[in-house]
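First the structure, in the form of structure tokens, and then the observations on it.
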Amino acid sequence: MRNLDITTLRSFVAVADSGGVTRAAGFLHLTQSAVSMQIKRLEHILDLELLDRSGRGISLTASGERLLGYARRMVALNDEVMARLTDQAFEGEVTLGVPHDVVQPTILRVLQRFHASFPRVRVQLISSFTRELKALYARGECDIILTTESAVSEGGEQIHRSPLVWVGAPNGSMWRQNPLRLAFQRKCIFRPLATAALDQAGIDWDMVVDSDSDRTIEATISADLGVGVLLEESVPPQMIRIDHNGALPELPLQNINMYGADAPKSQLITELSDLLRMMFGGVGQPALRVASQ
């Protein structure tokens with residue numbers, strides 16, 4: 001019976017999550033060649049090709065996709081055993097603030113991975129608007145926050161860039177109406193961007209729902225009573241990206257920025273920051289830092 005090596009499985013999961021060997025190496029604090037060698041060793045043990053290296057990037061083969069779920073569970077179980085049965089277990093609490101529209105799916109994966117590595121650490125998740133999150137961070141009530149912004153403010157770090165898209169109900173027709181019926185939260189940072197784009201395009205619009213409730217906005221859009229704007233990768237299952245073929249104006253890219261990673265911090269904050277960079281960096285652009293003054 002051949003035995004799988006947790007180290008090689010950890011490297012494989014990191015490559016799958018980050019979208020490449022280079023980013024995985026940075027997260028694991030290893031050289032790129034070391035990670036590549038571990039992947040090759042794992043492929044040799046299984047006598048399977050796990051990564052498709054034929055294109056410009058790296059993707060999982062069918063065998064790699066089958067292995068990934070097992071590998072996640074094995075790495076998580078290994079880390080839980082080591083944390084619970086040794087004196088090296090971390091304890092404490094970390095407060096993470098994120099906007100409503102980035103919680104799924106990436107933040108859920110981040111929390112799962114972090115809990116597997118630090119089962120005794122409590123992560124308090126605060127979901128709110130960017131403006132409120134920055135206020136909480138300024139008062140010291142959050143250790144790390146993520147924001148959705150058009151630019152990077154002082155002390156922030158861009159970890160991802162995402163297009164904004166128009167969203168509506170599946171098989172909906174509301175986006176064809178004139179005036180265009182909009183549903184937005186009062187404090188949504190995308191709201192002025194959307195209305196400005198419509199004004200510039202000469203498209204009449206009407207704000208039919210103006211609410212502080214996420215659920216109200218989601219219900220309105222899902223029932224085809226209005227349209228809204230979301231980050232491309234955060235469109236929930238009950239909505240779709242509207243294929244308007246140019247009938248609606250294009251919207252600007254948005255940054256997902258991180259604040260708190262550059263401040264004096266514990267190892268827990270360092271680990272959580274690195275995990276956020278890796279998980280968002282796998283589908284994002286190279287990070288851009290704005291140094292604190």
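By order of appearance in the structure tokens: chains A, B, ..., then residues from 1 within every chain, and ligands from 1 in the order shown.
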**Request:** Would you please give, as a ChimeraX atom specification, all residues of range 35-283 of chain A that DSSP assigns to alpha helix (DSSP H) based on the backbone?
**Result:** /A:35-46,62-85,108-117,130-138,191-201,214-222,267-281
**Request:** Pick out the residues sitting within 9 Å of Ala76 in chain A, and hand them over as JSON, numbers by chain; count only C-alpha atoms, and ignore anything fewer than 3 positions along from it in its own chain.
**Result:** {"A": [71, 72, 73, 79, 80, 81, 113, 115, 116, 117]}
I need the chosen residues saved as a short mmCIF file (atom, residue, chain, number, x, y, z; two decimals), in the first residue's frame, with C-alpha atoms.
```cif
data_model
loop_
_atom_site.label_atom_id
_atom_site.label_comp_id
_atom_site.auth_asym_id
_atom_site.auth_seq_id
_atom_site.Cartn_x
_atom_site.Cartn_y
_atom_site.Cartn_z
CA ALA A 71 -6.75 16.46 -0.48
CA ARG A 72 -8.59 19.31 1.27
CA ARG A 73 -10.05 16.94 3.85
CA ASP A 79 -3.81 20.30 10.77
CA GLU A 80 -6.61 19.69 13.26
CA VAL A 81 -4.75 16.77 14.83
CA ARG A 113 -9.25 27.00 5.36
CA HIS A 115 -10.45 27.19 10.73
CA ALA A 116 -8.79 23.99 9.54
CA SER A 117 -5.37 25.46 10.33
#
```
Per residue of range 82-136 of chain A within 12 Å of range 196-218 of chain A, what are the shortest atom pair and its distance in Å to one decimal, counting only C-alpha atoms, with rows by chain and residue number, as JSON lines?
```
{"residue": "A:Pro99", "atom": "CA", "partner": "A:Asp214", "partner_atom": "CA", "distance": 11.4}
{"residue": "A:His100", "atom": "CA", "partner": "A:Asp214", "partner_atom": "CA", "distance": 8.2}
{"residue": "A:Asp101", "atom": "CA", "partner": "A:Asp214", "partner_atom": "CA", "distance": 9.6}
{"residue": "A:Ser127", "atom": "CA", "partner": "A:Asp214", "partner_atom": "CA", "distance": 11.1}
{"residue": "A:Ser128", "atom": "CA", "partner": "A:Asp214", "partner_atom": "CA", "distance": 10.3}
{"residue": "A:Phe129", "atom": "CA", "partner": "A:Asp212", "partner_atom": "CA", "distance": 10.3}
```
Store the residues picked out above, limited to N, CA and C atoms, as a PDB file, in the first residue's frame.
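The result, stored in out32.pdb:
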```
ATOM      1  N   PRO A  99     -17.386  43.501   2.854  1.00  0.00           N
ATOM      2  CA  PRO A  99     -18.657  43.954   2.281  1.00  0.00           C
ATOM      3  C   PRO A  99     -19.596  42.774   2.045  1.00  0.00           C
ATOM      4  N   HIS A 100     -20.896  43.083   2.008  1.00  0.00           N
ATOM      5  CA  HIS A 100     -21.890  42.027   1.802  1.00  0.00           C
ATOM      6  C   HIS A 100     -21.614  41.227   0.527  1.00  0.00           C
ATOM      7  N   ASP A 101     -21.177  41.919  -0.522  1.00  0.00           N
ATOM      8  CA  ASP A 101     -21.137  41.276  -1.834  1.00  0.00           C
ATOM      9  C   ASP A 101     -19.857  40.509  -2.116  1.00  0.00           C
ATOM     10  N   SER A 127     -20.118  41.786   8.376  1.00  0.00           N
ATOM     11  CA  SER A 127     -20.494  42.083   6.996  1.00  0.00           C
ATOM     12  C   SER A 127     -21.253  43.404   6.974  1.00  0.00           C
ATOM     13  N   SER A 128     -20.710  44.367   6.222  1.00  0.00           N
ATOM     14  CA  SER A 128     -21.338  45.685   6.198  1.00  0.00           C
ATOM     15  C   SER A 128     -20.944  46.395   4.906  1.00  0.00           C
ATOM     16  N   PHE A 129     -21.212  47.700   4.854  1.00  0.00           N
ATOM     17  CA  PHE A 129     -20.861  48.504   3.698  1.00  0.00           C
ATOM     18  C   PHE A 129     -19.420  48.988   3.833  1.00  0.00           C
TER      19      PHE A 129
END
```
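Restricting the calculation to only C-alpha atoms, the smallest distance between Ser173 in chain A and any of A:Lys40, A:Ile221, A:Gln32, A:Ile144 is found for A:Ile221.
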**Request:** Apply DSSP to the structure's backbone, then extract all residues of range 30-208 of chain A labelled strand (DSSP E) and return them as a ChimeraX atom specification.
**Result:** /A:51-52,59-60,92-99,121-128,144-149,156-168,180-185,205-208
Output N, CA and C atoms of each residue in that selection to a file, as a short mmCIF file (atom, residue, chain, number, x, y, z; two decimals), in the first residue's frame.
```
data_model
loop_
_atom_site.label_atom_id
_atom_site.label_comp_id
_atom_site.auth_asym_id
_atom_site.auth_seq_id
_atom_site.Cartn_x
_atom_site.Cartn_y
_atom_site.Cartn_z
N LEU A 51 -2.19 18.17 -13.17
CA LEU A 51 -2.25 19.53 -13.69
C LEU A 51 -2.15 19.52 -15.21
N ASP A 52 -2.97 20.33 -15.83
CA ASP A 52 -2.91 20.51 -17.29
C ASP A 52 -1.99 21.69 -17.57
N SER A 59 -4.26 24.46 -15.06
CA SER A 59 -5.59 24.07 -14.63
C SER A 59 -5.55 22.61 -14.21
N LEU A 60 -6.57 22.20 -13.50
CA LEU A 60 -6.64 20.81 -13.03
C LEU A 60 -7.14 19.90 -14.14
N GLY A 92 -7.33 32.49 20.36
CA GLY A 92 -7.57 33.92 20.28
C GLY A 92 -8.74 34.24 19.38
N GLU A 93 -8.82 35.50 18.98
CA GLU A 93 -9.91 35.97 18.15
C GLU A 93 -9.39 36.98 17.14
N VAL A 94 -9.88 36.90 15.93
CA VAL A 94 -9.55 37.83 14.86
C VAL A 94 -10.86 38.38 14.31
N THR A 95 -10.94 39.69 14.14
CA THR A 95 -12.16 40.30 13.60
C THR A 95 -11.91 40.71 12.16
N LEU A 96 -12.70 40.14 11.27
CA LEU A 96 -12.58 40.38 9.83
C LEU A 96 -13.85 41.06 9.35
N GLY A 97 -13.71 42.21 8.70
CA GLY A 97 -14.85 42.92 8.13
C GLY A 97 -14.82 42.85 6.62
N VAL A 98 -15.95 42.49 6.02
CA VAL A 98 -16.03 42.38 4.56
C VAL A 98 -17.35 42.96 4.07
N PRO A 99 -17.39 43.50 2.85
CA PRO A 99 -18.66 43.95 2.28
C PRO A 99 -19.60 42.77 2.05
N VAL A 121 -9.03 29.21 17.10
CA VAL A 121 -9.12 30.65 16.89
C VAL A 121 -10.52 30.99 16.40
N ARG A 122 -11.13 31.97 17.00
CA ARG A 122 -12.46 32.42 16.59
C ARG A 122 -12.30 33.59 15.62
N VAL A 123 -12.90 33.47 14.47
CA VAL A 123 -12.94 34.58 13.51
C VAL A 123 -14.31 35.22 13.59
N GLN A 124 -14.33 36.45 14.05
CA GLN A 124 -15.59 37.20 14.09
C GLN A 124 -15.75 37.92 12.76
N LEU A 125 -16.75 37.54 12.01
CA LEU A 125 -17.00 38.11 10.69
C LEU A 125 -18.04 39.21 10.78
N ILE A 126 -17.68 40.39 10.30
CA ILE A 126 -18.60 41.52 10.24
C ILE A 126 -18.86 41.83 8.78
N SER A 127 -20.12 41.79 8.38
CA SER A 127 -20.49 42.08 7.00
C SER A 127 -21.25 43.40 6.97
N SER A 128 -20.71 44.37 6.22
CA SER A 128 -21.34 45.68 6.20
C SER A 128 -20.94 46.40 4.91
N ILE A 144 -8.74 43.27 10.34
CA ILE A 144 -8.56 43.33 8.88
C ILE A 144 -9.93 43.65 8.27
N ILE A 145 -9.93 44.48 7.25
CA ILE A 145 -11.16 44.69 6.49
C ILE A 145 -10.85 44.56 5.01
N LEU A 146 -11.85 44.12 4.27
CA LEU A 146 -11.84 44.18 2.81
C LEU A 146 -12.85 45.24 2.39
N THR A 147 -12.54 45.95 1.31
CA THR A 147 -13.45 46.97 0.81
C THR A 147 -13.61 46.82 -0.70
N THR A 148 -14.70 47.34 -1.22
CA THR A 148 -14.87 47.47 -2.67
C THR A 148 -14.80 48.94 -3.00
N GLU A 149 -13.78 49.34 -3.78
CA GLU A 149 -13.53 50.74 -4.07
C GLU A 149 -13.00 50.88 -5.50
N GLY A 156 -3.86 50.91 2.16
CA GLY A 156 -4.56 49.76 1.61
C GLY A 156 -3.72 48.98 0.63
N GLU A 157 -4.22 47.80 0.29
CA GLU A 157 -3.55 46.90 -0.66
C GLU A 157 -4.60 46.30 -1.58
N GLN A 158 -4.45 46.50 -2.86
CA GLN A 158 -5.36 45.88 -3.82
C GLN A 158 -5.03 44.40 -3.96
N ILE A 159 -6.01 43.54 -3.68
CA ILE A 159 -5.76 42.10 -3.80
C ILE A 159 -6.57 41.47 -4.93
N HIS A 160 -7.45 42.25 -5.54
CA HIS A 160 -8.24 41.71 -6.64
C HIS A 160 -8.90 42.87 -7.38
N ARG A 161 -9.17 42.66 -8.68
CA ARG A 161 -9.97 43.60 -9.46
C ARG A 161 -11.06 42.83 -10.16
N SER A 162 -12.26 43.38 -10.12
CA SER A 162 -13.41 42.66 -10.67
C SER A 162 -14.31 43.61 -11.44
N PRO A 163 -14.87 43.16 -12.55
CA PRO A 163 -15.83 43.99 -13.28
C PRO A 163 -17.17 44.06 -12.55
N LEU A 164 -17.82 45.20 -12.66
CA LEU A 164 -19.21 45.32 -12.23
C LEU A 164 -20.11 44.89 -13.38
N VAL A 165 -21.19 44.20 -13.07
CA VAL A 165 -22.11 43.74 -14.11
C VAL A 165 -23.55 44.05 -13.69
N TRP A 166 -24.40 44.24 -14.70
CA TRP A 166 -25.82 44.40 -14.47
C TRP A 166 -26.43 43.03 -14.18
N VAL A 167 -27.29 42.95 -13.16
CA VAL A 167 -27.89 41.67 -12.80
C VAL A 167 -29.41 41.80 -12.77
N GLY A 168 -30.07 40.69 -13.08
CA GLY A 168 -31.53 40.66 -13.08
C GLY A 168 -32.02 39.26 -12.81
N LEU A 180 -35.56 52.49 -16.96
CA LEU A 180 -34.97 51.30 -16.35
C LEU A 180 -35.26 51.35 -14.85
N ARG A 181 -35.82 50.27 -14.33
CA ARG A 181 -36.19 50.22 -12.91
C ARG A 181 -35.03 49.63 -12.11
N LEU A 182 -34.52 50.42 -11.15
CA LEU A 182 -33.35 50.04 -10.38
C LEU A 182 -33.72 49.67 -8.95
N ALA A 183 -32.95 48.73 -8.38
CA ALA A 183 -33.10 48.34 -6.98
C ALA A 183 -31.72 48.36 -6.34
N PHE A 184 -31.52 49.28 -5.40
CA PHE A 184 -30.22 49.44 -4.75
C PHE A 184 -30.40 49.71 -3.26
N GLN A 185 -29.42 49.30 -2.49
CA GLN A 185 -29.34 49.73 -1.10
C GLN A 185 -28.95 51.21 -1.06
N TRP A 205 -33.94 56.32 -15.91
CA TRP A 205 -34.02 55.30 -14.88
C TRP A 205 -34.90 55.78 -13.73
N ASP A 206 -35.39 54.81 -12.96
CA ASP A 206 -36.25 55.09 -11.82
C ASP A 206 -35.83 54.17 -10.68
N MET A 207 -35.56 54.74 -9.50
CA MET A 207 -35.15 53.96 -8.33
C MET A 207 -36.42 53.42 -7.65
N VAL A 208 -36.79 52.19 -8.01
CA VAL A 208 -38.06 51.65 -7.52
C VAL A 208 -37.94 51.06 -6.12
#
```
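Of the residues under consideration (A:Val227, A:Asn255, A:Leu50, A:Pro119), A:Asn255 shows the shortest atom-to-atom contact distance to Val152 in chain A when counting only C-alpha atoms.
For the choices A:Met279, A:Ile189, A:Leu85, A:Leu268, the atom-to-atom distance to Phe118 in chain A is smallest for A:Leu268 when using only C-alpha atoms.
Proximity ranking of A:Leu248, A:Ala219, A:Ala135, A:Val75 relative to Val13 in chain A places A:Val75 first, based on only C-alpha atoms.
Here CA of Pro170 in chain A is placed at a distance of 5.7 Å from CA of Ile240 in chain A.
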**Fill in**
Here CA of Ile242 in chain A and CA of Ala169 in chain A stand apart by 8.4 Å
**Prompt:** Which distance in Å separates CA of Ser234 in chain A and CA of Val102 in chain A, to one decimal?
**Reply:** 6.3 Å
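For Val15 in chain A, the residues within 10 Å (counting only C-alpha atoms, excluding itself and residues fewer than 6 positions away along the chain) are Leu9, Val21, Thr22, Arg23, Ala24, Ala25, Phe27, Leu28, Val35, Ser36, Ile39, Leu51, Ile58, Ser59, Leu60, Met278 and Gly282 of chain A.
Among the candidates A:Ser33, A:Ser54, A:Ser11, A:Ser222, the one nearest to Leu68 in chain A when counting only C-alpha atoms is A:Ser11.
The closest residue to Ala14 in chain A, picked from A:Ala83, A:Leu225, A:Lys134, A:His29 and counting only C-alpha atoms, is A:His29.
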